[in-house]
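**Q** Below is the structure I would like to discuss, written out as structure tokens.
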Amino acid sequence: VQLQASGGGVVQAGGSLRLSCAASGRAFSSYFMGWFRQAPGKEREFVALISWGIGSTYHADSVKGRFTISRDNAKNTLYLQMNSLKPEDTAIYYCAADSQRSHLLQFTNGRYNSIDYWGGGTQVTVSS
């Protein structure tokens, strides 16, 4: 299984970016896919998740109304549309997949083995 994140970059505050995560190696129809982020010196935190099969979503309060998670089943790709970016959104963003919704929602920093699959990160830098 491989999850490959891309789309990060440098953007000014108020700008937008769209992250992508290409998934391969298995069928994810029964899985939950998520985005996490880790800022320098801080713990990795949950950002958003989506049910791959049904498409239902959940966003952390810190990004609700600004970020939108989505997926394209045909392309086996997960997305994170980020609008109205703030300097505090600066972080490395990771995609992840798990068969249990609760594993993504209840992730605790350091317990990386509690998530079935992790992708590599992509850096997002928001300048003020």
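Order determines the names: the first chain of the structure tokens is A, the second B, and so forth; residues in each chain are numbered 1 upward, and ligands are numbered 1 upward as they are shown.
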Give me, as a ChimeraX atom specification, all polymer residues having an atom no more than 8 Å from Phe32 in chain A, counting only C-alpha atoms and skipping those fewer than 3 positions away in the same chain.
**A** /A:28,49-52,97-101,104
**Q** Between A:Phe36, A:Leu78, A:Tyr58, A:Asn73, which is the closest to Tyr112 in chain A once you count only C-alpha atoms?
**A**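 Checking each candidate against Tyr112 in chain A, we get A:Phe36 as the closest.
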**Q** Between CA of Ser29 in chain A and CA of Arg71 in chain A, what is the spacing in Å?
**A**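 Going from CA of Arg71 in chain A over to CA of Ser29 in chain A, I get 11.1 Å.
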**Q** Counting only C-alpha atoms, which of A:Gly8, A:Gly53, A:Gly119, A:Gly14 gets nearest to Ala27 in chain A?
**A** A:Gly53
**Q** Once DSSP has gone over the backbone, tell me which residues of range 17-94 of chain A are in strand (DSSP E), as number ranges by chain.
**A** A: 17-24, 32-38, 45-51, 57-59, 67-72, 77-82, 91-94
**Q** If you run DSSP on the backbone here, which positions in range 2-121 of chain A get helix (DSSP H, G or I)? Please write them as a list of chain:residue names.
**A** A:Pro87, A:Glu88, A:Asp89, A:Arg101, A:Ser102, A:His103, A:Leu104, A:Leu105, A:Tyr112, A:Asn113, A:Ser114
**Q** Create the file for the chosen residues now, containing all heavy atoms and written as a compact mmCIF listing (two decimals), in the first residue's frame.
**A**
```
# COMPACT_ATOMS: atom_id res chain seq x y z
N PRO A 87 -1.14 31.90 8.82
CA PRO A 87 0.23 31.47 9.17
C PRO A 87 0.25 30.25 10.09
O PRO A 87 1.16 29.41 9.99
CB PRO A 87 0.80 32.72 9.86
CG PRO A 87 0.07 33.84 9.21
CD PRO A 87 -1.33 33.34 8.99
N GLU A 88 -0.74 30.13 10.96
CA GLU A 88 -0.77 28.99 11.88
C GLU A 88 -1.13 27.68 11.19
O GLU A 88 -1.10 26.62 11.82
CB GLU A 88 -1.74 29.25 13.04
CG GLU A 88 -3.13 29.70 12.62
CD GLU A 88 -3.28 31.21 12.68
OE1 GLU A 88 -2.35 31.93 12.24
OE2 GLU A 88 -4.36 31.67 13.14
N ASP A 89 -1.47 27.73 9.91
CA ASP A 89 -1.68 26.50 9.15
C ASP A 89 -0.37 25.93 8.62
O ASP A 89 -0.35 24.82 8.06
CB ASP A 89 -2.62 26.75 7.96
CG ASP A 89 -4.02 27.13 8.38
OD1 ASP A 89 -4.55 26.52 9.33
OD2 ASP A 89 -4.60 28.06 7.75
N ARG A 101 -12.88 4.54 11.72
CA ARG A 101 -13.00 6.00 11.82
C ARG A 101 -12.42 6.51 13.13
O ARG A 101 -11.75 7.55 13.16
CB ARG A 101 -14.47 6.38 11.71
CG ARG A 101 -14.75 7.88 11.70
CD ARG A 101 -16.24 8.11 11.49
NE ARG A 101 -16.59 9.52 11.35
CZ ARG A 101 -16.99 10.27 12.37
NH1 ARG A 101 -17.06 9.75 13.58
NH2 ARG A 101 -17.29 11.54 12.17
N SER A 102 -12.63 5.78 14.20
CA SER A 102 -12.18 6.22 15.51
C SER A 102 -10.66 6.29 15.61
O SER A 102 -10.12 7.11 16.34
CB SER A 102 -12.73 5.29 16.60
OG SER A 102 -12.27 3.97 16.40
N HIS A 103 -9.97 5.43 14.86
CA HIS A 103 -8.51 5.46 14.90
C HIS A 103 -7.98 6.79 14.38
O HIS A 103 -6.98 7.32 14.89
CB HIS A 103 -7.92 4.31 14.09
CG HIS A 103 -8.14 2.97 14.71
ND1 HIS A 103 -7.75 1.78 14.12
CD2 HIS A 103 -8.73 2.61 15.88
CE1 HIS A 103 -8.08 0.77 14.89
NE2 HIS A 103 -8.70 1.25 15.96
N LEU A 104 -8.63 7.33 13.37
CA LEU A 104 -8.20 8.62 12.83
C LEU A 104 -8.58 9.75 13.79
O LEU A 104 -7.77 10.63 14.08
CB LEU A 104 -8.83 8.86 11.46
CG LEU A 104 -8.42 7.89 10.34
CD1 LEU A 104 -9.20 8.20 9.07
CD2 LEU A 104 -6.94 7.95 10.09
N LEU A 105 -9.80 9.71 14.31
CA LEU A 105 -10.28 10.79 15.18
C LEU A 105 -9.57 10.82 16.52
O LEU A 105 -9.35 11.88 17.08
CB LEU A 105 -11.79 10.64 15.42
CG LEU A 105 -12.72 11.19 14.36
CD1 LEU A 105 -14.17 10.91 14.71
CD2 LEU A 105 -12.50 12.68 14.16
N TYR A 112 1.92 6.24 16.11
CA TYR A 112 1.76 6.12 14.67
C TYR A 112 1.28 4.74 14.26
O TYR A 112 0.62 4.60 13.23
CB TYR A 112 3.08 6.48 13.98
CG TYR A 112 3.53 7.88 14.31
CD1 TYR A 112 4.64 8.11 15.10
CD2 TYR A 112 2.82 8.99 13.85
CE1 TYR A 112 5.05 9.39 15.43
CE2 TYR A 112 3.22 10.28 14.17
CZ TYR A 112 4.34 10.47 14.96
OH TYR A 112 4.72 11.73 15.29
N ASN A 113 1.60 3.73 15.03
CA ASN A 113 1.17 2.37 14.70
C ASN A 113 -0.33 2.16 14.88
O ASN A 113 -0.85 1.11 14.48
CB ASN A 113 1.93 1.36 15.56
CG ASN A 113 3.38 1.23 15.15
OD1 ASN A 113 3.76 1.63 14.05
ND2 ASN A 113 4.20 0.71 16.04
N SER A 114 -1.02 3.13 15.49
CA SER A 114 -2.46 3.01 15.66
C SER A 114 -3.21 3.27 14.36
O SER A 114 -4.42 3.01 14.28
CB SER A 114 -2.96 3.96 16.74
OG SER A 114 -2.77 5.31 16.33
```
**Q** One number please: CA of Asn76 in chain A to CA of Ser24 in chain A, in Å, one decimal.
**A**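 Going from CA of Asn76 in chain A over to CA of Ser24 in chain A, I get 7.2 Å.
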**Q** May I ask for the distance between CA of Tyr31 in chain A and CA of Ser16 in chain A, given in Å to one decimal place?
**A**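 These atoms are spaced 27.5 Å apart.
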**Q** Using only C-alpha atoms, which residue out of A:Ala74, A:Ala39, A:Val1, A:Met33 lies closest to Tyr93 in chain A?
**A**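 Closest residue, counting only C-alpha atoms: A:Ala39.
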**Q** With only C-alpha atoms as the atoms that count, which of A:Leu19, A:Val124, A:Ile69, A:Val11 lies nearest to Ala48 in chain A?
**A** A:Ile69
**Q** Between A:Lys86, A:Gln123, A:Tyr94, A:Ile115, which one has atoms that come closest to Gln12 in chain A, using only C-alpha atoms?
**A**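 Among A:Lys86, A:Gln123, A:Tyr94, A:Ile115, it is A:Lys86 that comes nearest to Gln12 in chain A.
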**Q** Measuring between only C-alpha atoms, which one of A:Phe67, A:Trp35, A:Phe46, A:Trp118 shows the shortest distance to Gln4 in chain A?
**A**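 Counting only C-alpha atoms, the residue closest to Gln4 in chain A is A:Trp118.
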